[in-house]
$ cat input-v2.txt   # compact mmCIF, C-alpha atoms
# COMPACT_ATOMS: atom_id res chain seq x y z
CA MET E 1 -60.20 4.05 127.41
CA ARG E 2 -57.86 1.79 125.50
CA LYS E 3 -60.76 0.65 123.33
CA ARG E 4 -61.63 4.22 122.53
CA LYS E 5 -58.02 4.96 121.48
CA ILE E 6 -58.08 1.95 119.16
CA VAL E 7 -61.34 3.11 117.59
CA MET E 8 -59.93 6.63 117.11
CA LEU E 9 -56.77 5.17 115.57
CA ILE E 10 -58.83 3.10 113.13
CA ILE E 11 -60.86 6.19 112.16
CA VAL E 12 -57.66 8.18 111.56
CA ILE E 13 -56.21 5.36 109.44
CA PHE E 14 -59.37 5.22 107.33
CA LEU E 15 -59.31 8.97 106.88
CA ILE E 16 -55.68 8.87 105.76
CA LEU E 17 -56.36 6.01 103.38
CA GLY E 18 -59.42 7.79 102.06
CA ILE E 19 -57.51 10.98 101.40
CA GLY E 20 -54.63 9.00 99.95
CA GLY E 21 -57.03 7.08 97.76
CA THR E 22 -58.52 10.34 96.53
CA MET E 23 -55.04 11.69 95.81
CA ILE E 24 -54.10 8.54 93.94
CA LEU E 25 -57.32 8.72 91.94
CA ARG E 26 -56.72 12.36 91.09
CA HIS E 27 -53.14 11.63 90.07
CA THR E 28 -54.28 8.73 87.89
CA THR E 29 -56.95 10.89 86.26
CA ASN E 30 -54.51 13.72 85.60
CA THR E 31 -52.00 11.27 84.14
CA ALA E 32 -54.68 9.90 81.82
CA VAL E 33 -55.54 13.43 80.68
CA ASP E 34 -51.85 14.26 80.17
CA LYS E 35 -51.43 11.18 77.98
CA GLN E 36 -54.15 12.47 75.67
CA ILE E 37 -51.98 15.51 74.94
CA ALA E 38 -49.07 14.28 72.83
CA GLY E 39 -47.38 17.66 72.55
CA ARG E 40 -47.97 21.27 71.57
CA ILE E 41 -47.58 23.26 68.40
CA SER E 42 -47.53 27.05 68.50
CA GLY E 43 -48.96 26.81 72.01
CA GLN E 44 -51.89 24.56 71.12
CA PRO E 45 -52.31 20.95 72.35
CA ILE E 46 -51.83 18.02 69.99
CA SER E 47 -53.99 14.93 70.38
CA ALA E 48 -52.86 11.67 68.76
CA PRO E 49 -54.46 8.66 70.53
CA GLN E 50 -52.85 6.20 68.12
CA LEU E 51 -49.43 6.85 69.65
CA GLY E 52 -48.09 3.99 71.71
CA LYS E 53 -50.32 1.38 70.12
CA ILE E 54 -48.37 -1.76 69.29
CA ASP E 55 -48.20 -2.64 65.61
CA SER E 56 -50.63 -5.56 65.89
CA LEU E 57 -53.30 -3.26 67.34
CA TRP E 58 -52.48 -0.26 65.17
CA ARG E 59 -52.68 -2.44 62.04
CA ASN E 60 -50.71 -0.08 59.81
CA GLY E 61 -53.03 2.77 60.69
CA ALA E 62 -56.22 0.95 59.71
CA GLY E 63 -59.09 2.29 61.76
CA THR E 64 -57.23 5.33 63.08
CA LYS E 65 -59.84 7.87 64.11
CA SER E 66 -59.46 11.62 64.06
CA ASP E 67 -61.25 14.52 65.70
CA GLY E 68 -63.33 15.01 62.55
CA LYS E 69 -61.80 18.43 61.87
CA ASP E 70 -58.26 17.47 60.80
CA THR E 71 -56.80 18.31 64.25
CA ASN E 72 -58.85 21.50 64.63
CA SER E 73 -62.03 20.53 66.48
CA LYS E 74 -60.66 22.38 69.52
CA ASN E 75 -57.75 24.30 68.00
CA LYS E 76 -57.40 27.05 65.47
CA PRO E 77 -55.44 26.00 62.38
CA THR E 78 -51.75 26.43 63.16
CA ARG E 79 -50.30 29.60 61.70
CA LYS E 80 -47.05 31.19 62.82
CA ILE E 81 -45.66 33.71 60.33
CA THR E 82 -42.78 36.03 61.22
CA LYS E 83 -40.75 38.56 59.27
CA ASN E 84 -37.29 37.11 59.80
CA ALA E 85 -37.63 33.33 59.46
CA ARG E 86 -35.84 31.75 56.51
CA SER E 87 -37.63 28.40 56.74
CA ILE E 88 -41.27 27.39 57.02
CA ILE E 89 -43.05 24.16 57.95
CA ILE E 90 -46.14 23.52 55.81
CA TYR E 91 -48.09 20.45 56.83
CA PHE E 92 -51.38 18.58 56.74
CA SER E 93 -52.43 16.22 59.51
CA ARG E 94 -55.65 14.27 59.88
CA SER E 95 -55.14 12.33 63.12
CA GLY E 96 -52.36 14.27 64.86
CA SER E 97 -49.27 12.18 64.06
CA THR E 98 -47.94 14.47 61.33
CA GLU E 99 -48.79 17.51 63.42
CA LEU E 100 -46.73 16.12 66.30
CA LEU E 101 -43.82 15.48 63.93
CA ALA E 102 -44.16 19.06 62.65
CA SER E 103 -44.02 20.36 66.23
CA LYS E 104 -40.77 18.47 66.89
CA ILE E 105 -39.21 19.92 63.75
CA ALA E 106 -40.39 23.39 64.77
CA GLU E 107 -38.69 23.03 68.16
CA LYS E 108 -35.37 22.29 66.46
CA THR E 109 -35.55 24.79 63.61
CA HIS E 110 -37.64 27.70 64.96
CA ALA E 111 -39.22 27.81 61.52
CA ASP E 112 -42.51 29.49 60.71
CA ILE E 113 -45.50 27.13 60.58
CA LEU E 114 -48.52 26.88 58.28
CA GLU E 115 -51.16 24.18 58.55
CA ILE E 116 -52.96 23.14 55.37
CA VAL E 117 -56.73 23.42 55.87
CA VAL E 118 -59.42 22.08 53.52
CA LYS E 119 -62.97 23.42 53.27
CA ASP E 120 -64.54 20.03 53.92
CA SER E 121 -62.69 18.24 56.73
CA TYR E 122 -62.15 14.50 56.56
CA ALA E 123 -64.42 12.35 58.71
CA ALA E 124 -63.43 11.09 62.14
CA ASN E 125 -64.45 7.61 60.99
CA TYR E 126 -61.56 5.92 59.20
CA GLN E 127 -63.68 3.98 56.69
CA ARG E 128 -65.55 7.10 55.61
CA THR E 129 -62.26 8.94 55.11
CA LEU E 130 -60.88 5.98 53.16
CA SER E 131 -63.94 5.90 50.91
CA ARG E 132 -63.68 9.63 50.25
CA ALA E 133 -59.95 9.45 49.56
CA ASN E 134 -60.44 6.58 47.09
CA SER E 135 -63.10 8.58 45.24
CA GLU E 136 -60.91 11.70 45.13
CA ARG E 137 -58.00 9.72 43.75
CA GLU E 138 -60.05 7.89 41.11
CA ASN E 139 -61.71 11.09 39.91
CA GLN E 140 -58.65 13.35 40.36
CA ASP E 141 -60.99 15.59 42.36
CA TYR E 142 -58.87 16.83 45.24
CA PRO E 143 -60.16 18.89 48.17
CA LYS E 144 -60.59 22.65 48.03
CA LEU E 145 -58.46 24.68 50.43
CA ASP E 146 -59.71 27.08 53.08
CA MET E 147 -56.65 29.03 54.16
CA LYS E 148 -54.68 32.20 53.57
CA VAL E 149 -51.19 31.53 52.27
CA PRO E 150 -48.49 34.16 52.84
CA SER E 151 -45.82 35.06 50.34
CA LEU E 152 -43.13 32.38 50.40
CA SER E 153 -40.46 34.66 48.95
CA GLN E 154 -38.60 35.11 52.27
CA TYR E 155 -38.01 31.38 52.80
CA ASN E 156 -35.02 29.40 51.59
CA THR E 157 -36.19 26.05 52.99
CA ILE E 158 -39.72 24.64 52.97
CA TYR E 159 -40.45 21.64 55.18
CA LEU E 160 -43.40 19.76 53.68
CA GLY E 161 -45.25 17.41 56.05
CA TYR E 162 -48.00 14.93 55.25
CA PRO E 163 -49.31 11.44 55.96
CA ILE E 164 -48.87 8.74 53.32
CA TRP E 165 -52.19 7.75 51.75
CA ALA E 166 -52.28 4.69 49.47
CA MET E 167 -48.48 4.77 49.16
CA THR E 168 -48.42 8.35 47.91
CA LEU E 169 -48.99 11.99 48.83
CA ALA E 170 -52.03 12.88 50.98
CA HIS E 171 -54.62 14.71 48.90
CA PRO E 172 -54.64 18.05 50.79
CA MET E 173 -50.93 18.38 50.07
CA ILE E 174 -51.61 17.68 46.39
CA SER E 175 -54.20 20.47 46.40
CA PHE E 176 -51.77 22.84 48.09
CA LEU E 177 -48.95 22.15 45.64
CA ASN E 178 -51.29 22.41 42.66
CA SER E 179 -52.34 25.84 43.93
CA TYR E 180 -49.03 27.25 45.16
CA GLY E 181 -46.27 25.10 43.66
CA LYS E 182 -45.48 27.81 41.13
CA THR E 183 -44.08 29.92 44.00
CA PHE E 184 -41.56 27.23 45.03
CA SER E 185 -38.77 28.10 42.57
CA ASN E 186 -35.25 28.19 44.03
CA LYS E 187 -36.39 26.57 47.27
CA ARG E 188 -34.90 23.68 49.15
CA ILE E 189 -37.66 21.17 49.91
CA ALA E 190 -37.44 19.00 53.03
CA PRO E 191 -40.19 16.35 52.98
CA PHE E 192 -41.30 14.67 56.21
CA MET E 193 -44.11 12.19 56.57
CA THR E 194 -45.90 9.66 58.76
CA GLN E 195 -46.70 6.29 57.27
CA GLY E 196 -48.46 3.04 58.06
CA GLY E 197 -45.91 0.40 57.12
CA TYR E 198 -45.24 0.96 53.42
CA GLY E 199 -42.68 3.73 53.59
CA GLN E 200 -42.67 6.95 51.60
CA GLY E 201 -44.13 5.38 48.47
CA ASN E 202 -43.79 7.68 45.49
CA SER E 203 -44.70 10.79 47.49
CA VAL E 204 -41.42 12.65 46.92
CA GLN E 205 -41.53 11.91 43.19
CA ARG E 206 -45.10 13.17 43.20
CA ILE E 207 -44.02 16.46 44.78
CA GLN E 208 -41.26 16.83 42.20
CA GLY E 209 -43.67 16.15 39.35
CA ILE E 210 -46.27 18.63 40.57
CA LEU E 211 -43.66 21.36 41.04
CA ARG E 212 -42.34 20.79 37.52
CA ASN E 213 -45.86 20.96 36.10
CA GLN E 214 -46.48 24.21 37.99
CA GLY E 215 -43.37 25.76 36.50
CA SER E 216 -41.26 25.69 39.65
CA ARG E 217 -37.54 25.61 38.86
CA ASN E 218 -34.19 25.07 40.58
CA ASN E 219 -35.55 23.10 43.51
CA THR E 220 -33.31 20.91 45.64
CA PHE E 221 -34.56 18.12 47.86
CA THR E 222 -33.22 16.85 51.17
CA ARG E 223 -33.38 13.29 52.33
CA PRO E 224 -36.97 12.70 53.55
CA LEU E 225 -37.84 11.96 57.16
CA VAL E 226 -40.22 8.97 57.36
CA VAL E 227 -41.74 7.95 60.72
CA ASP E 228 -44.35 5.34 61.65
CA GLY E 229 -47.59 7.07 62.55
CA ASN E 230 -47.87 5.30 65.92
CA LYS E 231 -44.27 6.03 66.92
CA VAL E 232 -43.82 9.76 66.39
CA ASP E 233 -43.45 10.25 70.13
CA GLN E 234 -40.30 8.11 69.92
CA ALA E 235 -38.71 10.04 67.04
CA ASP E 236 -36.88 12.84 68.88
CA GLN E 237 -33.36 11.62 68.08
CA ARG E 238 -34.20 11.04 64.43
CA VAL E 239 -35.70 14.53 64.16
CA THR E 240 -32.59 16.02 65.75
CA ARG E 241 -30.22 14.24 63.34
CA TRP E 242 -32.35 15.09 60.32
CA THR E 243 -32.78 18.78 61.12
CA GLU E 244 -29.09 19.15 61.99
CA GLN E 245 -28.09 17.71 58.62
CA ILE E 246 -30.34 20.19 56.85
CA THR E 247 -29.20 23.14 58.95
CA ASN E 248 -25.51 22.27 58.61
CA SER E 249 -25.74 21.82 54.85
CA SER E 250 -27.21 25.32 54.49
CA ASN E 251 -24.30 27.00 56.30

$ encode --input "input-v2.txt" --output "structure tokens"
Amino acid sequence: MRKRKIVMLIIVIFLILGIGGTMILRHTTNTAVDKQIAGRISGQPISAPQLGKIDSLWRNGAGTKSDGKDTNSKNKPTRKITKNARSIIIYFSRSGSTELLASKIAEKTHADILEIVVKDSYAANYQRTLSRANSERENQDYPKLDMKVPSLSQYNTIYLGYPIWAMTLAHPMISFLNSYGKTFSNKRIAPFMTQGGYGQGNSVQRIQGILRNQGSRNNTFTRPLVVDGNKVDQADQRVTRWTEQITNSSN
């Protein structure tokens, strides 16, 4: 009888451990899935697998893959346009870092949001994207846009977000400003960017030059927000300080 009780006890223990093991496995799996979602923008998930990589592994962004659709392999391009907003976030993101930064700014400002979309998305493979970007820069042949842009007349402040490519402005943002920069007169421009170790480069000066060439006048520029592409998830306090400075200076 005693032997039978011991056997039953062992069976119960194994059952508990088995269930517990399953629960632990499920929890671990769910945690892994959660980590793939870095945040949300306008209700859609943001994936940025480069976040959390130490600098020696991230290598200033070298080799950073994307989803092959400039964040939109599973999402629709981000577009939130309202009637009453006085600020708008316009951004391009290839691998998700700049999109995550845009989402953090949106949380603080409640601004409208417009994602820049090109007709021919950049490749998921980093080297292929690099080769294409080098060719575009050398030939001054920037990507064609595939997006509907609303009137910007209602906005006082335009947050411009982009990754730094070759120490300057990412090409989709160049295309956007070349196409719509003439509508930026009398706007306050707030540049924000993700970079791979070389800072903002001449990106802000490039924006200023394009706007001048497009005939935009009376623009003012805020201090730019520059964040390492693998550390955007750690930038909450910086985003808060930066957006508060901009908001307070407009009052």

$ closest_residue --input "input-v2.txt" --among "E:Arg59, E:Lys104, E:Lys53, E:Arg94" --to "Pro163 in chain E" --atoms "all atoms listed in the file"
E:Arg94

$ closest_residue --input "input-v2.txt" --among "E:Pro172, E:Gly201, E:Gly68, E:Gly96" --to "Ala124 in chain E" --atoms "only C-alpha atoms"
E:Gly68

$ closest_residue --input "input-v2.txt" --among "E:Phe92, E:Tyr180, E:Tyr126, E:Tyr198" --to "Leu152 in chain E" --atoms "all atoms listed in the file"
E:Tyr180

$ closest_residue --input "input-v2.txt" --among "E:Ala85, E:Trp165, E:Tyr142, E:Leu211" --to "Asp120 in chain E" --atoms "all atoms listed in the file"
E:Tyr142

$ atom_distance --input "input-v2.txt" --atom1 "CA of Ile41 in chain E" --atom2 "CA of Lys108 in chain E"
12.4 Å

$ closest_residue --input "input-v2.txt" --among "E:Ser93, E:Thr168, E:Gln36, E:Ser179" --to "Ser66 in chain E" --atoms "all atoms listed in the file"
E:Ser93

$ decode --input "input-v2.txt" --residues "range 31-83 of chain E" --atoms "C-alpha atoms" --output "mmCIF file, in the first residue's frame"
data_model
loop_
_atom_site.group_PDB
_atom_site.id
_atom_site.type_symbol
_atom_site.label_atom_id
_atom_site.label_comp_id
_atom_site.auth_asym_id
_atom_site.auth_seq_id
_atom_site.Cartn_x
_atom_site.Cartn_y
_atom_site.Cartn_z
ATOM 1 C CA THR E 31 8.367 36.525 -24.226
ATOM 2 C CA ALA E 32 10.435 35.867 -27.344
ATOM 3 C CA VAL E 33 7.519 36.929 -29.545
ATOM 4 C CA ASP E 34 6.946 40.057 -27.431
ATOM 5 C CA LYS E 35 10.596 41.038 -27.839
ATOM 6 C CA GLN E 36 10.173 41.012 -31.609
ATOM 7 C CA ILE E 37 7.598 43.788 -31.254
ATOM 8 C CA ALA E 38 9.504 46.911 -30.262
ATOM 9 C CA GLY E 39 6.448 49.145 -30.039
ATOM 10 C CA ARG E 40 3.394 50.308 -31.957
ATOM 11 C CA ILE E 41 2.638 53.204 -34.234
ATOM 12 C CA SER E 42 -0.949 54.139 -35.035
ATOM 13 C CA GLY E 43 -1.959 50.734 -33.698
ATOM 14 C CA GLN E 44 0.442 48.712 -35.848
ATOM 15 C CA PRO E 45 3.396 46.677 -34.484
ATOM 16 C CA ILE E 46 6.966 47.844 -34.987
ATOM 17 C CA SER E 47 9.713 45.287 -35.554
ATOM 18 C CA ALA E 48 13.339 46.330 -35.024
ATOM 19 C CA PRO E 49 15.531 43.265 -34.302
ATOM 20 C CA GLN E 50 18.684 45.376 -34.137
ATOM 21 C CA LEU E 51 17.568 46.908 -30.839
ATOM 22 C CA GLY E 52 19.547 45.729 -27.850
ATOM 23 C CA LYS E 53 22.524 44.571 -29.870
ATOM 24 C CA ILE E 54 25.776 45.688 -28.272
ATOM 25 C CA ASP E 55 27.881 48.051 -30.360
ATOM 26 C CA SER E 56 30.503 45.427 -31.222
ATOM 27 C CA LEU E 57 27.818 43.173 -32.726
ATOM 28 C CA TRP E 58 25.773 45.959 -34.274
ATOM 29 C CA ARG E 59 28.903 47.365 -35.957
ATOM 30 C CA ASN E 60 27.480 50.837 -36.562
ATOM 31 C CA GLY E 61 24.488 49.351 -38.330
ATOM 32 C CA ALA E 62 26.512 47.316 -40.820
ATOM 33 C CA GLY E 63 24.519 44.280 -41.853
ATOM 34 C CA THR E 64 21.220 45.474 -40.373
ATOM 35 C CA LYS E 65 18.466 43.605 -42.177
ATOM 36 C CA SER E 66 14.968 44.861 -42.827
ATOM 37 C CA ASP E 67 11.663 43.256 -43.724
ATOM 38 C CA GLY E 68 12.283 44.038 -47.399
ATOM 39 C CA LYS E 69 9.325 46.428 -47.553
ATOM 40 C CA ASP E 70 10.633 49.370 -45.501
ATOM 41 C CA THR E 71 8.646 48.293 -42.383
ATOM 42 C CA ASN E 72 5.515 47.418 -44.365
ATOM 43 C CA SER E 73 5.759 43.716 -45.198
ATOM 44 C CA LYS E 74 2.973 43.107 -42.666
ATOM 45 C CA ASN E 75 1.725 46.649 -42.029
ATOM 46 C CA LYS E 76 0.031 49.280 -44.095
ATOM 47 C CA PRO E 77 2.109 52.456 -44.464
ATOM 48 C CA THR E 78 1.463 54.612 -41.414
ATOM 49 C CA ARG E 79 -0.993 57.409 -42.080
ATOM 50 C CA LYS E 80 -2.852 59.331 -39.399
ATOM 51 C CA ILE E 81 -4.330 62.606 -40.637
ATOM 52 C CA THR E 82 -6.792 64.615 -38.544
ATOM 53 C CA LYS E 83 -8.475 67.983 -38.964
#
